[in-house]
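*Asks:* Below is data_14.cif; it holds mmCIF, C-alpha atoms and all ligand atoms.
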data_query
#
loop_
_atom_site.label_atom_id
_atom_site.label_comp_id
_atom_site.auth_asym_id
_atom_site.auth_seq_id
_atom_site.Cartn_x
_atom_site.Cartn_y
_atom_site.Cartn_z
CA MET A 1 -28.48 -32.99 43.49
CA ALA A 2 -31.10 -31.87 41.02
CA LEU A 3 -30.29 -32.06 37.33
CA GLN A 4 -31.20 -28.36 37.02
CA GLY A 5 -28.45 -27.36 39.42
CA PHE A 6 -25.89 -29.47 37.60
CA LEU A 7 -26.83 -28.04 34.21
CA ALA A 8 -26.66 -24.51 35.62
CA GLN A 9 -23.11 -25.16 36.77
CA LEU A 10 -22.17 -26.47 33.33
CA ASP A 11 -23.60 -23.30 31.80
CA GLU A 12 -21.64 -21.13 34.15
CA VAL A 13 -18.37 -22.91 33.39
CA VAL A 14 -18.84 -22.75 29.65
CA THR A 15 -19.64 -19.01 29.74
CA ALA A 16 -16.68 -18.24 31.97
CA ALA A 17 -14.35 -20.41 29.86
CA GLU A 18 -15.37 -18.80 26.58
CA ALA A 19 -14.84 -15.32 28.08
CA ALA A 20 -11.47 -16.27 29.53
CA PHE A 21 -10.24 -17.77 26.25
CA SER A 22 -11.30 -14.80 24.18
CA ASP A 23 -9.78 -12.37 26.71
CA ALA A 24 -6.41 -14.12 26.74
CA ALA A 25 -4.00 -11.59 25.28
CA ASP A 26 -1.25 -14.02 24.31
CA SER A 27 -0.44 -17.71 24.26
CA ASP A 28 0.76 -17.68 27.91
CA ALA A 29 -2.52 -16.20 29.12
CA LEU A 30 -4.39 -18.71 26.98
CA GLU A 31 -2.48 -21.59 28.52
CA THR A 32 -3.27 -20.32 32.02
CA ALA A 33 -6.97 -20.18 31.10
CA ARG A 34 -6.77 -23.67 29.64
CA VAL A 35 -5.37 -25.05 32.90
CA THR A 36 -8.05 -23.17 34.87
CA PHE A 37 -10.93 -24.72 32.95
CA LEU A 38 -9.68 -27.89 31.30
CA GLY A 39 -6.89 -28.85 33.75
CA ALA A 40 -6.99 -32.63 34.30
CA LYS A 41 -6.67 -32.41 38.10
CA LYS A 42 -7.89 -29.06 39.34
CA GLY A 43 -9.70 -27.68 36.30
CA ARG A 44 -13.16 -26.18 36.88
CA LEU A 45 -14.70 -28.60 34.41
CA LYS A 46 -13.19 -31.45 36.37
CA SER A 47 -14.72 -30.21 39.62
CA VAL A 48 -18.16 -30.00 37.96
CA GLN A 49 -17.65 -33.51 36.65
CA GLN A 50 -16.99 -34.70 40.18
CA GLN A 51 -20.41 -33.47 41.20
CA MET A 52 -22.04 -35.72 38.68
CA GLY A 53 -21.90 -38.43 41.31
CA ASP A 54 -24.47 -36.50 43.34
CA VAL A 55 -26.98 -36.28 40.52
CA GLU A 56 -29.96 -38.52 40.92
CA ARG A 57 -29.62 -41.86 39.29
CA ASP A 58 -32.41 -41.31 36.71
CA ASP A 59 -30.93 -38.05 35.64
CA LYS A 60 -27.41 -39.38 35.23
CA PRO A 61 -27.62 -40.18 31.47
CA ALA A 62 -28.91 -36.65 30.74
CA ALA A 63 -26.25 -35.14 33.02
CA GLY A 64 -23.52 -37.18 31.30
CA LYS A 65 -24.68 -36.11 27.89
CA ALA A 66 -24.82 -32.44 28.93
CA PHE A 67 -21.38 -32.73 30.46
CA ASN A 68 -19.87 -34.15 27.29
CA GLN A 69 -21.46 -31.41 25.20
CA THR A 70 -20.11 -28.76 27.54
CA LYS A 71 -16.66 -30.28 27.47
CA GLY A 72 -16.81 -30.27 23.67
CA ARG A 73 -17.83 -26.63 23.59
CA ILE A 74 -15.07 -25.56 25.97
CA GLU A 75 -12.46 -27.50 24.03
CA ALA A 76 -13.69 -26.03 20.76
CA ALA A 77 -13.57 -22.53 22.26
CA PHE A 78 -10.02 -23.18 23.39
CA GLU A 79 -8.95 -24.41 19.97
CA ALA A 80 -10.51 -21.42 18.26
CA ALA A 81 -8.70 -19.07 20.63
CA GLN A 82 -5.48 -20.96 20.04
CA GLN A 83 -5.84 -20.55 16.28
CA ARG A 84 -6.61 -16.88 16.63
CA SER A 85 -3.50 -16.27 18.67
CA ALA A 86 -1.35 -18.34 16.29
CA GLY A 87 -2.83 -16.42 13.39
CA SER A 88 -2.06 -13.03 14.86
CA SER A 89 1.48 -13.89 15.90
CA SER A 90 2.29 -15.50 12.57
CA GLY A 91 0.71 -12.42 11.02
CA ASP A 92 3.89 -10.55 11.97
CA THR A 93 5.99 -12.95 9.96
CA ASP A 94 3.58 -12.80 7.06
CA SER A 95 3.97 -9.05 6.70
CA ASN A 96 7.70 -9.55 6.12
CA GLN A 97 7.03 -11.92 3.30
CA PHE A 98 6.89 -10.84 -0.30
CA ASP A 99 3.36 -10.08 -1.40
CA PRO A 100 3.29 -9.49 -5.15
CA SER A 101 -0.21 -8.03 -4.96
CA LEU A 102 0.89 -5.03 -2.87
CA PRO A 103 1.83 -1.75 -4.58
CA GLY A 104 5.59 -1.52 -5.06
CA THR A 105 7.98 0.89 -3.34
CA SER A 106 8.16 3.83 -5.69
CA PHE A 107 11.50 5.45 -6.48
CA ARG A 108 11.75 9.20 -6.38
CA LEU A 109 12.27 10.29 -9.95
CA GLY A 110 14.53 13.22 -10.71
CA THR A 111 13.60 15.91 -13.20
CA ILE A 112 15.44 17.19 -16.25
CA HIS A 113 17.42 20.33 -15.48
CA PRO A 114 15.57 23.49 -16.62
CA ILE A 115 18.50 24.54 -18.81
CA THR A 116 18.59 21.12 -20.47
CA GLN A 117 14.83 21.34 -21.00
CA THR A 118 15.24 24.79 -22.55
CA ILE A 119 18.03 23.54 -24.83
CA GLU A 120 15.88 20.64 -26.01
CA GLU A 121 13.01 22.97 -26.73
CA LEU A 122 15.17 25.46 -28.63
CA LYS A 123 16.62 22.65 -30.72
CA GLU A 124 13.16 21.45 -31.52
CA ILE A 125 11.95 24.89 -32.60
CA MET A 126 14.99 25.60 -34.75
CA GLY A 127 14.82 22.09 -36.17
CA ARG A 128 11.34 22.88 -37.46
CA LEU A 129 12.79 25.97 -39.16
CA GLY A 130 15.23 23.71 -40.98
CA PHE A 131 18.31 24.29 -38.84
CA SER A 132 20.41 21.26 -38.00
CA ILE A 133 22.22 20.91 -34.69
CA VAL A 134 25.99 20.81 -34.50
CA ASP A 135 28.38 20.58 -31.60
CA GLY A 136 31.76 22.17 -31.01
CA PRO A 137 34.55 21.73 -28.47
CA GLU A 138 34.57 23.75 -25.25
CA ILE A 139 38.36 23.99 -25.31
CA GLU A 140 39.22 26.20 -28.26
CA ASP A 141 42.22 27.78 -29.91
CA ASP A 142 42.91 31.40 -30.74
CA TRP A 143 42.00 30.88 -34.37
CA HIS A 144 38.43 29.69 -33.83
CA ASN A 145 37.63 31.86 -30.82
CA PHE A 146 39.15 35.10 -32.20
CA VAL A 147 41.28 35.26 -35.35
CA ALA A 148 38.89 33.73 -37.88
CA LEU A 149 36.08 35.73 -36.26
CA ASN A 150 37.84 38.92 -37.23
CA ILE A 151 38.76 39.78 -33.64
CA PRO A 152 42.15 41.51 -33.84
CA ASP A 153 45.05 40.91 -31.49
CA ASP A 154 44.54 44.11 -29.54
CA HIS A 155 40.79 43.63 -29.07
CA PRO A 156 39.76 43.83 -25.41
CA ALA A 157 37.84 40.56 -25.79
CA ARG A 158 41.22 38.80 -26.05
CA ASP A 159 42.47 40.20 -22.76
CA PRO A 160 43.73 37.43 -20.46
CA LEU A 161 41.49 38.86 -17.75
CA GLU A 162 38.43 38.37 -19.96
CA ASN A 163 39.09 34.71 -20.71
CA PHE A 164 39.95 31.41 -19.16
CA TYR A 165 43.22 30.70 -20.94
CA LEU A 166 44.68 27.30 -20.24
CA ALA A 167 48.17 27.20 -18.78
CA THR A 168 49.71 25.01 -21.46
CA ALA A 169 53.48 24.82 -21.98
CA ASP A 170 53.20 27.05 -25.07
CA SER A 171 51.19 29.75 -23.42
CA MET A 172 53.59 29.94 -20.46
CA GLN A 173 56.42 31.03 -22.74
CA GLU A 174 54.54 34.06 -23.97
CA GLU A 175 54.59 36.58 -21.20
CA LYS A 176 52.02 39.21 -22.02
CA ASN A 177 49.62 37.73 -24.48
CA PRO A 178 49.02 34.06 -23.90
CA VAL A 179 48.47 32.07 -27.05
CA GLY A 180 46.97 28.69 -27.47
CA LEU A 181 44.04 27.19 -25.74
CA LEU A 182 41.19 28.66 -23.78
CA LEU A 183 37.68 27.74 -22.67
CA ARG A 184 35.57 29.21 -25.44
CA SER A 185 34.02 32.56 -24.54
CA GLN A 186 31.29 32.31 -27.20
CA THR A 187 29.67 29.68 -29.40
CA SER A 188 30.57 31.72 -32.52
CA THR A 189 33.60 29.40 -32.66
CA VAL A 190 31.27 26.76 -34.06
CA GLN A 191 30.41 28.99 -37.05
CA ILE A 192 34.06 28.81 -38.08
CA ARG A 193 34.36 25.08 -37.47
CA VAL A 194 31.29 24.33 -39.57
CA MET A 195 32.14 26.68 -42.45
CA GLU A 196 35.70 25.36 -42.62
CA LYS A 197 34.38 21.89 -43.23
CA THR A 198 31.16 22.50 -45.15
CA ALA A 199 30.36 24.21 -48.43
CA PRO A 200 27.35 26.55 -48.44
CA PRO A 201 24.39 26.56 -48.11
CA ILE A 202 24.48 26.24 -44.32
CA ARG A 203 21.71 26.37 -41.79
CA ILE A 204 22.87 25.31 -38.33
CA ILE A 205 22.48 26.02 -34.68
CA SER A 206 24.87 25.10 -31.91
CA LEU A 207 24.03 25.05 -28.23
CA GLY A 208 26.54 24.75 -25.47
CA ARG A 209 28.55 26.08 -22.58
CA VAL A 210 30.72 29.18 -22.77
CA TYR A 211 33.06 30.56 -20.12
CA ARG A 212 33.95 34.07 -18.98
CA PRO A 213 35.69 35.07 -15.74
CA ASP A 214 32.71 37.04 -14.45
CA THR A 215 31.92 37.28 -10.76
CA ALA A 216 28.68 35.45 -10.15
CA ASP A 217 25.71 37.65 -9.36
CA ALA A 218 22.00 37.59 -10.19
CA THR A 219 22.65 37.99 -13.94
CA HIS A 220 26.22 36.71 -14.39
CA TYR A 221 27.84 33.35 -13.98
CA PRO A 222 31.34 32.31 -15.11
CA MET A 223 29.77 29.52 -17.16
CA PHE A 224 26.56 29.85 -19.13
CA HIS A 225 24.94 28.56 -22.30
CA GLN A 226 24.51 30.13 -25.70
CA ILE A 227 22.57 29.21 -28.76
CA GLU A 228 24.37 30.19 -31.93
CA GLY A 229 22.62 30.31 -35.27
CA LEU A 230 24.20 30.55 -38.69
CA MET A 231 22.61 30.67 -42.10
CA ILE A 232 24.70 31.04 -45.27
CA ASP A 233 23.27 31.01 -48.76
CA THR A 234 22.91 33.18 -51.79
CA ASN A 235 20.84 36.28 -51.12
CA VAL A 236 20.37 35.88 -47.38
CA THR A 237 19.34 39.23 -45.94
CA MET A 238 18.63 40.88 -42.61
CA ALA A 239 14.94 40.40 -43.31
CA ASP A 240 15.58 36.64 -43.10
CA LEU A 241 17.40 37.17 -39.82
CA LYS A 242 14.51 39.14 -38.40
CA SER A 243 11.93 36.58 -39.56
CA VAL A 244 13.85 33.68 -38.07
CA LEU A 245 14.33 35.47 -34.73
CA ARG A 246 10.67 36.45 -34.67
CA LEU A 247 9.46 32.92 -35.39
CA PHE A 248 11.93 31.60 -32.85
CA ALA A 249 10.79 33.96 -30.07
CA THR A 250 7.15 33.44 -30.94
CA SER A 251 7.50 29.65 -30.76
CA TYR A 252 9.42 29.71 -27.51
CA LEU A 253 7.32 32.27 -25.67
CA GLY A 254 4.00 31.18 -27.13
CA ASP A 255 2.86 34.67 -28.07
CA ASP A 256 3.13 36.66 -31.25
CA VAL A 257 6.36 38.43 -30.42
CA SER A 258 7.82 41.48 -32.17
CA ILE A 259 11.53 41.88 -32.75
CA ARG A 260 13.48 45.10 -32.83
CA PHE A 261 17.06 45.70 -33.96
CA ARG A 262 19.38 48.22 -32.32
CA PRO A 263 22.65 49.09 -34.08
CA SER A 264 25.62 47.45 -32.41
CA PHE A 265 29.08 46.15 -33.14
CA PHE A 266 30.60 42.69 -33.33
CA PRO A 267 33.88 42.11 -35.19
CA PHE A 268 32.41 39.10 -37.01
CA THR A 269 29.18 40.69 -38.28
CA GLU A 270 28.59 43.72 -40.47
CA PRO A 271 26.15 45.26 -39.91
CA SER A 272 25.67 44.15 -36.30
CA VAL A 273 22.61 44.48 -34.13
CA GLU A 274 21.37 43.88 -30.66
CA ALA A 275 18.03 42.14 -31.04
CA ASP A 276 15.21 42.73 -28.53
CA TYR A 277 11.83 41.08 -28.32
CA TYR A 278 8.63 42.65 -27.04
CA TRP A 279 6.96 40.56 -24.39
CA ASN A 280 4.78 41.33 -21.36
CA ASN A 281 4.66 44.96 -22.43
CA GLN A 282 8.38 45.54 -22.52
CA TRP A 283 11.40 45.20 -24.78
CA ILE A 284 13.72 42.48 -23.57
CA GLU A 285 17.29 41.91 -24.71
CA PHE A 286 17.45 38.83 -26.92
CA GLY A 287 21.09 38.72 -27.98
CA GLY A 288 23.62 39.76 -30.61
CA ALA A 289 23.21 39.20 -34.35
CA GLY A 290 24.16 40.50 -37.75
CA MET A 291 25.25 39.70 -41.27
CA VAL A 292 28.39 37.57 -41.33
CA ASP A 293 31.38 39.86 -41.98
CA PRO A 294 33.04 39.31 -45.39
CA ASN A 295 36.37 38.90 -43.57
CA VAL A 296 34.94 35.89 -41.75
CA LEU A 297 33.63 34.39 -44.97
CA GLU A 298 37.08 34.83 -46.49
CA ALA A 299 38.82 33.33 -43.45
CA VAL A 300 36.95 30.08 -44.00
CA GLY A 301 37.47 30.11 -47.77
CA TYR A 302 34.06 31.35 -48.91
CA ASP A 303 33.59 33.99 -51.59
CA PRO A 304 31.75 36.98 -50.05
CA GLU A 305 30.69 38.00 -53.55
CA GLU A 306 28.81 34.74 -53.92
CA VAL A 307 27.26 34.03 -50.54
CA THR A 308 25.92 36.03 -47.66
CA GLY A 309 24.57 34.98 -44.33
CA PHE A 310 23.43 35.94 -40.89
CA ALA A 311 24.49 34.81 -37.45
CA PHE A 312 23.04 35.27 -34.00
CA GLY A 313 24.04 34.35 -30.48
CA LEU A 314 21.57 34.23 -27.60
CA GLY A 315 21.91 33.41 -23.92
CA VAL A 316 20.00 30.26 -22.98
CA GLU A 317 19.79 31.05 -19.25
CA ARG A 318 18.37 34.46 -20.00
CA LEU A 319 15.60 32.99 -22.15
CA CYS A 320 14.77 30.34 -19.58
CA MET A 321 14.77 32.90 -16.74
CA ARG A 322 12.38 35.22 -18.57
CA ARG A 323 9.98 32.51 -19.46
CA HIS A 324 9.83 30.98 -15.98
CA GLY A 325 10.24 34.16 -13.94
CA VAL A 326 13.59 33.12 -12.44
CA THR A 327 15.36 36.21 -11.17
CA ASP A 328 18.76 34.84 -10.17
CA ILE A 329 20.92 32.83 -12.59
CA ARG A 330 22.77 31.24 -9.66
CA GLU A 331 19.66 29.23 -8.79
CA PHE A 332 20.33 27.01 -11.80
CA TYR A 333 23.69 25.87 -10.46
CA LYS A 334 23.08 25.45 -6.74
CA ASN A 335 21.71 21.96 -7.25
CA ASP A 336 18.91 22.60 -4.81
CA VAL A 337 16.23 20.03 -5.65
CA ARG A 338 13.54 22.25 -4.16
CA PHE A 339 14.28 24.70 -6.96
CA LEU A 340 15.01 22.18 -9.71
CA ALA A 341 11.96 19.98 -9.04
CA GLN A 342 9.67 22.86 -9.99
CA PHE A 343 10.45 22.54 -13.67
N1 LIG A 401 29.10 35.84 -29.98
C1 LIG A 401 28.40 37.02 -29.57
C2 LIG A 401 28.45 37.12 -28.05
O1 LIG A 401 28.81 36.17 -27.40
C3 LIG A 401 26.93 36.98 -30.01
C4 LIG A 401 26.81 37.03 -31.52
C5 LIG A 401 26.74 35.86 -32.24
C6 LIG A 401 26.72 38.25 -32.17
C7 LIG A 401 26.58 35.89 -33.59
C8 LIG A 401 26.57 38.28 -33.53
C9 LIG A 401 26.50 37.13 -34.24
O2 LIG A 401 28.12 38.15 -27.47
#
Take the structure in the file and write it out as structure tokens.

*Replies:*
Amino acid sequence: MALQGFLAQLDEVVTAAEAAFSDAADSDALETARVTFLGAKKGRLKSVQQQMGDVERDDKPAAGKAFNQTKGRIEAAFEAAQQRSAGSSSGDTDSNQFDPSLPGTSFRLGTIHPITQTIEELKEIMGRLGFSIVDGPEIEDDWHNFVALNIPDDHPARDPLENFYLATADSMQEEKNPVGLLLRSQTSTVQIRVMEKTAPPIRIISLGRVYRPDTADATHYPMFHQIEGLMIDTNVTMADLKSVLRLFATSYLGDDVSIRFRPSFFPFTEPSVEADYYWNNQWIEFGGAGMVDPNVLEAVGYDPEEVTGFAFGLGVERLCMRRHGVTDIREFYKNDVRFLAQF
């Protein structure tokens, strides 16, 4: 046999072996290919080797050398394929291992409730105007919710149907007019609590929940939030009230906002007004306000000849709704994240 023919066979085997190894899809296929080419008994390389005996004597050293090189190449190709397949299968395990260089799994962050955001903003604005923030209880007594606020016994606001009275042992004994505790119906209660404990001058706001047995609709909810303001000093006038409300509305709405007063009535203010602000080309109801009634000042032990003051009470939901274009108060309390996440 001519050397040429022998070398051609070696070439053929090495090409076929390299293709087979690189085509092997998994370690089983690779092993089958290994047996086909490198198998000790019936491998194709072995059968080429057996033909070396037919090569002419002078060519034998060259044939032997070529054979060894080919064997080396096929073995190397097999090892490379083996490493590739090991690498890809162990790649699966690797991906389960902790890799500190990868970006972390991010948590979905919640958002602050729009009413809470509004409250924080209102506190901030009034804080800049020198008002400090005080808190009051949501469960109140007759005295703070009505009596000290100059709301007489027969006032419709005290009707059991207008309030969430608590069924305490005391109140159960009274048949018609429950006394005792109720969920506060207004934050004006806090005016009384502060004045009872503090000597004038006073400049406070109080923000919190109030409760009224209203049927929920687009503008009513049995629980809502109010911001109450109270300023007591010598010579406080309605002009101060108007300035504070104007600055307040202007800061919150971000425009220069006008305020208008309409005559109204509250038992605890005299005179009393409904305040409106002018925004987006219309007058919008702001809330109730007025000069603190002398009877209230007396109820907390102040001398109405010495000090005067103003008070106002505004709905927080209403402010927030106007500013953000929310048209149904119930949206705030459905806990639908699709709504809440927009703020
Ligand atoms: N408390 C009144 C209300 O709930 C609002 C108000 C507060 C009015 C202070 C005057 C002064 O409607």

*Asks:* I'd like the interatomic distance between CA of Gly110 in chain A and CA of Val337 in chain A, to a tenth of an Å.

*Replies:*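 These two atoms are separated by 8.7 Å.
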
*Asks:* List as a compact mmCIF listing (two decimals) with C-alpha atoms, keeping the file's coordinate frame the protein and nucleic acid residues near range 27-30 of chain A, meaning an atom at most 7 Å away when all atoms listed in the file are counted, but skip any in the same chain fewer than 4 places from it.

*Replies:*
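result18.txt written:
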# COMPACT_ATOMS: atom_id res chain seq x y z
CA PHE A 21 -10.24 -17.77 26.25
CA ARG A 34 -6.77 -23.67 29.64
CA SER A 85 -3.50 -16.27 18.67

*Asks:* Can I get the residues of chain A within 6 Å of ligand LIG 401 (chain A), each with the closest pair of atoms and their distance in Å to one decimal, using all atoms listed in the file, sorted chain first then ascending number, as a Markdown table?

*Replies:*
| residue | atom | partner | partner_atom | distance |
| --- | --- | --- | --- | --- |
| A:Gln186 | CA | A:LIG401 | O1 | 4.6 |
| A:Ser188 | CA | A:LIG401 | N1 | 5.1 |
| A:Phe266 | CA | A:LIG401 | C8 | 6.0 |
| A:Thr269 | CA | A:LIG401 | C8 | 5.9 |
| A:Gly288 | CA | A:LIG401 | C6 | 3.8 |
| A:Ala289 | CA | A:LIG401 | C8 | 3.6 |
| A:Gly290 | CA | A:LIG401 | C8 | 5.3 |
| A:Ala311 | CA | A:LIG401 | C9 | 4.4 |
| A:Phe312 | CA | A:LIG401 | C7 | 3.6 |
| A:Gly313 | CA | A:LIG401 | C5 | 3.6 |

*Asks:* For the selection just defined, write its residues with C-alpha atoms to a file, as a short mmCIF file (atom, residue, chain, number, x, y, z; two decimals), in the frame of the given file.

*Replies:*
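File written: again-v3.cif
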data_model
loop_
_atom_site.label_atom_id
_atom_site.label_comp_id
_atom_site.auth_asym_id
_atom_site.auth_seq_id
_atom_site.Cartn_x
_atom_site.Cartn_y
_atom_site.Cartn_z
CA GLN A 186 31.29 32.31 -27.20
CA SER A 188 30.57 31.72 -32.52
CA PHE A 266 30.60 42.69 -33.33
CA THR A 269 29.18 40.69 -38.28
CA GLY A 288 23.62 39.76 -30.61
CA ALA A 289 23.21 39.20 -34.35
CA GLY A 290 24.16 40.50 -37.75
CA ALA A 311 24.49 34.81 -37.45
CA PHE A 312 23.04 35.27 -34.00
CA GLY A 313 24.04 34.35 -30.48
#

*Asks:* With the cut-off set at 12 Å and counting only C-alpha atoms, tabulate each residue of range 101-181 of chain A with an atom at most that distance from an atom of range 192-197 of chain A, showing the nearest atom pair and its distance in Å to one decimal, ordered by chain and increasing number, as JSON lines.

*Replies:*
{"residue": "A:Ser132", "atom": "CA", "partner": "A:Val194", "partner_atom": "CA", "distance": 11.4}
{"residue": "A:Ile133", "atom": "CA", "partner": "A:Val194", "partner_atom": "CA", "distance": 10.9}
{"residue": "A:Val134", "atom": "CA", "partner": "A:Val194", "partner_atom": "CA", "distance": 8.1}
{"residue": "A:Asp135", "atom": "CA", "partner": "A:Val194", "partner_atom": "CA", "distance": 9.3}
{"residue": "A:Gly136", "atom": "CA", "partner": "A:Arg193", "partner_atom": "CA", "distance": 7.5}
{"residue": "A:Pro137", "atom": "CA", "partner": "A:Arg193", "partner_atom": "CA", "distance": 9.6}
{"residue": "A:Glu140", "atom": "CA", "partner": "A:Arg193", "partner_atom": "CA", "distance": 10.5}
{"residue": "A:Asp141", "atom": "CA", "partner": "A:Arg193", "partner_atom": "CA", "distance": 11.2}
{"residue": "A:Asp142", "atom": "CA", "partner": "A:Ile192", "partner_atom": "CA", "distance": 11.8}
{"residue": "A:Trp143", "atom": "CA", "partner": "A:Ile192", "partner_atom": "CA", "distance": 9.0}
{"residue": "A:His144", "atom": "CA", "partner": "A:Ile192", "partner_atom": "CA", "distance": 6.2}
{"residue": "A:Asn145", "atom": "CA", "partner": "A:Ile192", "partner_atom": "CA", "distance": 8.6}
{"residue": "A:Phe146", "atom": "CA", "partner": "A:Ile192", "partner_atom": "CA", "distance": 10.0}
{"residue": "A:Val147", "atom": "CA", "partner": "A:Ile192", "partner_atom": "CA", "distance": 10.1}
{"residue": "A:Ala148", "atom": "CA", "partner": "A:Ile192", "partner_atom": "CA", "distance": 6.9}
{"residue": "A:Leu149", "atom": "CA", "partner": "A:Ile192", "partner_atom": "CA", "distance": 7.4}
{"residue": "A:Asn150", "atom": "CA", "partner": "A:Ile192", "partner_atom": "CA", "distance": 10.8}

*Asks:* Can you work out which one of A:Val244, A:Gly130, A:Thr189, A:Phe261 has the shortest atom-to-atom distance to Arg203 in chain A, counting all atoms listed in the file?

*Replies:*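 Closest candidate: A:Gly130.
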
*Asks:* Leaving out Gly127 in chain A and any residue of its chain fewer than 2 positions from it, which residues lie within 12 Å of it when counting all atoms listed in the file, given as a PyMOL selection string?

*Replies:* chain A and resi 119-125+129-134+203-206+229+244+248+251

*Asks:* Convert the current residue selection to file output with C-alpha atoms, as a JSON list (two decimals), keeping the file's coordinate frame.

*Replies:*
[["chain", "number", "residue", "atom", "x", "y", "z"],
["A", 119, "ILE", "CA", 18.03, 23.54, -24.83],
["A", 120, "GLU", "CA", 15.88, 20.64, -26.01],
["A", 121, "GLU", "CA", 13.01, 22.97, -26.73],
["A", 122, "LEU", "CA", 15.17, 25.46, -28.63],
["A", 123, "LYS", "CA", 16.62, 22.65, -30.72],
["A", 124, "GLU", "CA", 13.16, 21.45, -31.52],
["A", 125, "ILE", "CA", 11.95, 24.89, -32.60],
["A", 129, "LEU", "CA", 12.79, 25.97, -39.16],
["A", 130, "GLY", "CA", 15.23, 23.71, -40.98],
["A", 131, "PHE", "CA", 18.31, 24.29, -38.84],
["A", 132, "SER", "CA", 20.41, 21.26, -38.00],
["A", 133, "ILE", "CA", 22.22, 20.91, -34.69],
["A", 134, "VAL", "CA", 25.99, 20.81, -34.50],
["A", 203, "ARG", "CA", 21.71, 26.37, -41.79],
["A", 204, "ILE", "CA", 22.87, 25.31, -38.33],
["A", 205, "ILE", "CA", 22.48, 26.02, -34.68],
["A", 206, "SER", "CA", 24.87, 25.10, -31.91],
["A", 229, "GLY", "CA", 22.62, 30.31, -35.27],
["A", 244, "VAL", "CA", 13.85, 33.68, -38.07],
["A", 248, "PHE", "CA", 11.93, 31.60, -32.85],
["A", 251, "SER", "CA", 7.50, 29.65, -30.76]]

*Asks:* What is the distance, in Å and to one decimal place, between CA of Ile232 in chain A and CA of Gly287 in chain A?

*Replies:*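 A separation of 19.3 Å between them.
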
*Asks:* Select, from A:Ala8, A:Leu183, A:Leu340, A:Ala77, the residue with the minimum atom-to-atom distance to Pro222 in chain A, counting only C-alpha atoms.

*Replies:* A:Leu183

*Asks:* Find the residue from A:Ala24, A:Ala33, A:Val292, A:Val316 that sits nearest to Val210 in chain A; use only C-alpha atoms when measuring.

*Replies:*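 Nearest candidate to Val210 in chain A out of A:Ala24, A:Ala33, A:Val292, A:Val316: A:Val316.
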
*Asks:* Where atoms are absent from range 180-189 of chain A, fill them in so it carries N, CA, C and O atoms, then output it as an mmCIF file, keeping the file's coordinate frame.

*Replies:*
data_model
loop_
_atom_site.group_PDB
_atom_site.id
_atom_site.type_symbol
_atom_site.label_atom_id
_atom_site.label_comp_id
_atom_site.auth_asym_id
_atom_site.auth_seq_id
_atom_site.Cartn_x
_atom_site.Cartn_y
_atom_site.Cartn_z
ATOM 1 N N GLY A 180 47.333 30.072 -27.674
ATOM 2 C CA GLY A 180 46.970 28.690 -27.470
ATOM 3 C C GLY A 180 45.558 28.527 -27.001
ATOM 4 O O GLY A 180 44.649 29.157 -27.519
ATOM 5 N N LEU A 181 45.381 27.679 -26.022
ATOM 6 C CA LEU A 181 44.040 27.190 -25.740
ATOM 7 C C LEU A 181 43.325 27.978 -24.646
ATOM 8 O O LEU A 181 43.937 28.499 -23.732
ATOM 9 N N LEU A 182 42.025 28.028 -24.797
ATOM 10 C CA LEU A 182 41.190 28.660 -23.780
ATOM 11 C C LEU A 182 39.834 27.962 -23.766
ATOM 12 O O LEU A 182 39.481 27.259 -24.722
ATOM 13 N N LEU A 183 39.086 28.172 -22.680
ATOM 14 C CA LEU A 183 37.680 27.740 -22.670
ATOM 15 C C LEU A 183 36.940 28.748 -23.528
ATOM 16 O O LEU A 183 37.081 29.952 -23.325
ATOM 17 N N ARG A 184 36.176 28.265 -24.506
ATOM 18 C CA ARG A 184 35.570 29.210 -25.440
ATOM 19 C C ARG A 184 34.702 30.235 -24.709
ATOM 20 O O ARG A 184 34.022 29.904 -23.741
ATOM 21 N N SER A 185 34.775 31.479 -25.188
ATOM 22 C CA SER A 185 34.020 32.560 -24.540
ATOM 23 C C SER A 185 32.713 32.814 -25.273
ATOM 24 O O SER A 185 31.885 33.617 -24.843
ATOM 25 N N GLN A 186 32.525 32.144 -26.421
ATOM 26 C CA GLN A 186 31.290 32.310 -27.200
ATOM 27 C C GLN A 186 31.131 31.083 -28.109
ATOM 28 O O GLN A 186 32.105 30.416 -28.439
ATOM 29 N N THR A 187 29.895 30.825 -28.506
ATOM 30 C CA THR A 187 29.670 29.680 -29.400
ATOM 31 C C THR A 187 29.896 30.054 -30.864
ATOM 32 O O THR A 187 29.772 29.202 -31.740
ATOM 33 N N SER A 188 30.269 31.328 -31.132
ATOM 34 C CA SER A 188 30.570 31.720 -32.520
ATOM 35 C C SER A 188 31.716 30.891 -33.093
ATOM 36 O O SER A 188 31.851 30.776 -34.316
ATOM 37 N N THR A 189 32.528 30.312 -32.224
ATOM 38 C CA THR A 189 33.600 29.400 -32.660
ATOM 39 C C THR A 189 33.053 28.317 -33.584
ATOM 40 O O THR A 189 33.737 27.881 -34.511
#
